[in-house]
Amino acid sequence: MTDGVLAESRIDKRLRYLERIASNAASNLCASLKKILSADVAIDISKPALVALNAAYWQMVDGFKKENGFRDGERINPAKRAAITVAAIFLSPHAFYRVQGQLADHANHQDIFRLLLAAAVIEDFLCLPPRTLKAEQKHDLLVCVKRYLTAAGRKEDAFVHMLCLFMDAMWSSCGRPHSDDVD
Amino acid sequence: MGHIEGYKPHPQPDRENKHMDDKERTSKPSLPPLWNDDSNLRMTNSHPSTDEDALLKRSIENEAHRADDTDDLLSFMVKRYDVQK
């Protein structure tokens, strides 16, 4: 369903979108870390990792359409596309960037970066800023993402918990704390 | 990656699908509806566009507040980490 010249163009455009949110996330992450660490942090985005992420996303989309009987021309709705993209981000085995300096010795920054990408995807796909998500919307999203990751054998993955924490952080700031009853 | 091992598709009771038997059609959906979505997984005119151009445009608009979001996230994690220590 994604073959042909037109589909290839969409794939290229989607890669540009991924590069844009990754570059922005890297820039913001550097700025925030600089405030915390009082040291310069340099981040180099890995384009091959984003290319692999993009390829994985389209494969998952094709699989989803095939398994759910989509006809040619029918498109998956934004919520499911967001969930598929977030799952692809969390399931990617690749590091999305290289980091130099003080942060190089810490592994968690890669996880934080995935969370930033996931938040951007959710917001862009659904036109719903994370700060204004309703409780049931966040719950539904987390349920969906968690089921994808569970199906892929990563039920206890730290990314899932960190996503919950991330949403918790943003929701706490607007008075809607997260509950842990995702299952 | 692509296919997710163990994933079962939504039943499609209102669509012709020769690959699904009656048991599959009535089974519980493996993925829940999102955002009060009753569109049977498919894009409708009421959904925001996920065309690549629209996504990129929205992303650029949203960049204005993402620096603050990132600060919030890291501050939250630093506090949470300090509490756990």
# chains A, B, ... in the order shown; residues from 1 in each chain; ligands from 1

$ residues_around --residues "Ile60 of chain B" --least-positions-apart "4" --cutoff "9 Å" --atoms "only C-alpha atoms" --output "list of chain:residue names"
A:Arg20, A:Ile21, B:Leu55, B:Leu56, B:Ala64

$ write_last_selection --atoms "C-alpha atoms" --output "mmCIF file, in the first residue's frame"
data_model
loop_
_atom_site.group_PDB
_atom_site.id
_atom_site.type_symbol
_atom_site.label_atom_id
_atom_site.label_comp_id
_atom_site.auth_asym_id
_atom_site.auth_seq_id
_atom_site.Cartn_x
_atom_site.Cartn_y
_atom_site.Cartn_z
ATOM 1 C CA ARG A 20 12.734 18.079 11.948
ATOM 2 C CA ILE A 21 11.314 16.854 15.261
ATOM 3 C CA LEU B 55 2.471 17.279 9.978
ATOM 4 C CA LEU B 56 5.565 19.303 9.180
ATOM 5 C CA ALA B 64 7.530 27.355 20.085
#

$ closest_residue --among "A:Val99, A:Ala56, A:Leu117, A:Leu15" --to "chain B" --atoms "only C-alpha atoms"
A:Ala56

$ residues_around --residues "Phe113 of chain A" --least-positions-apart "2" --cutoff "8 Å" --atoms "only C-alpha atoms" --output "PyMOL selection string"
chain A and resi 25-26+29+109-111+115-117

$ write_last_selection --atoms "C-alpha atoms" --output "mmCIF file, in the first residue's frame"
data_model
loop_
_atom_site.group_PDB
_atom_site.id
_atom_site.type_symbol
_atom_site.label_atom_id
_atom_site.label_comp_id
_atom_site.auth_asym_id
_atom_site.auth_seq_id
_atom_site.Cartn_x
_atom_site.Cartn_y
_atom_site.Cartn_z
ATOM 1 C CA ALA A 25 14.301 17.684 20.323
ATOM 2 C CA ALA A 26 18.100 17.549 20.263
ATOM 3 C CA LEU A 29 17.605 18.656 25.141
ATOM 4 C CA HIS A 109 19.526 10.525 27.789
ATOM 5 C CA GLN A 110 18.676 8.269 24.835
ATOM 6 C CA ASP A 111 15.479 7.250 26.620
ATOM 7 C CA LEU A 115 10.134 10.489 25.046
ATOM 8 C CA LEU A 116 10.593 13.892 23.464
ATOM 9 C CA LEU A 117 10.059 12.403 20.019
#

$ select_by_dssp --residues "segment 15-79 of chain A" --states "strand (DSSP E or B)" --output "VMD selection string"
chain A and resid 42 to 45 76

$ write_last_selection --atoms "N, CA and C atoms" --output "PDB file, in the first residue's frame"
ATOM      1  N   ALA A  42      26.955  18.421  23.275  1.00  0.00           N
ATOM      2  CA  ALA A  42      26.820  18.381  21.818  1.00  0.00           C
ATOM      3  C   ALA A  42      26.135  17.090  21.390  1.00  0.00           C
ATOM      4  N   ILE A  43      25.112  17.228  20.559  1.00  0.00           N
ATOM      5  CA  ILE A  43      24.361  16.069  20.096  1.00  0.00           C
ATOM      6  C   ILE A  43      24.365  16.032  18.579  1.00  0.00           C
ATOM      7  N   ASP A  44      24.759  14.907  18.014  1.00  0.00           N
ATOM      8  CA  ASP A  44      24.735  14.715  16.562  1.00  0.00           C
ATOM      9  C   ASP A  44      23.661  13.684  16.224  1.00  0.00           C
ATOM     10  N   ILE A  45      22.635  14.132  15.493  1.00  0.00           N
ATOM     11  CA  ILE A  45      21.546  13.236  15.116  1.00  0.00           C
ATOM     12  C   ILE A  45      22.051  12.176  14.139  1.00  0.00           C
ATOM     13  N   ILE A  76      -5.298   4.894   7.816  1.00  0.00           N
ATOM     14  CA  ILE A  76      -5.445   4.686   9.257  1.00  0.00           C
ATOM     15  C   ILE A  76      -5.673   6.033   9.929  1.00  0.00           C
TER      16      ILE A  76
END

$ closest_residue --among "A:Ala22, A:Ala95, A:Gln100, A:Lys13" --to "Ala118 of chain A" --atoms "only C-alpha atoms"
A:Ala22

$ residues_around --residues "Arg42 of chain B" --least-positions-apart "5" --cutoff "7 Å" --atoms "only C-alpha atoms" --output "compact mmCIF listing (two decimals) with C-alpha atoms, in the first residue's frame"
# COMPACT_ATOMS: atom_id res chain seq x y z
CA GLU A 74 -8.20 3.87 2.97
CA ARG A 75 -6.01 5.45 5.60
CA ILE A 76 -5.45 4.69 9.26
CA ASN A 77 -6.83 7.34 11.57

$ closest_residue --among "A:Asp124, A:Asp72, A:Asp12, A:Asp40" --to "chain B" --atoms "only C-alpha atoms"
A:Asp124

$ atom_distance --atom1 "atom CA of Ser49 of chain B" --atom2 "atom CA of Cys127 of chain A"
9.3 Å
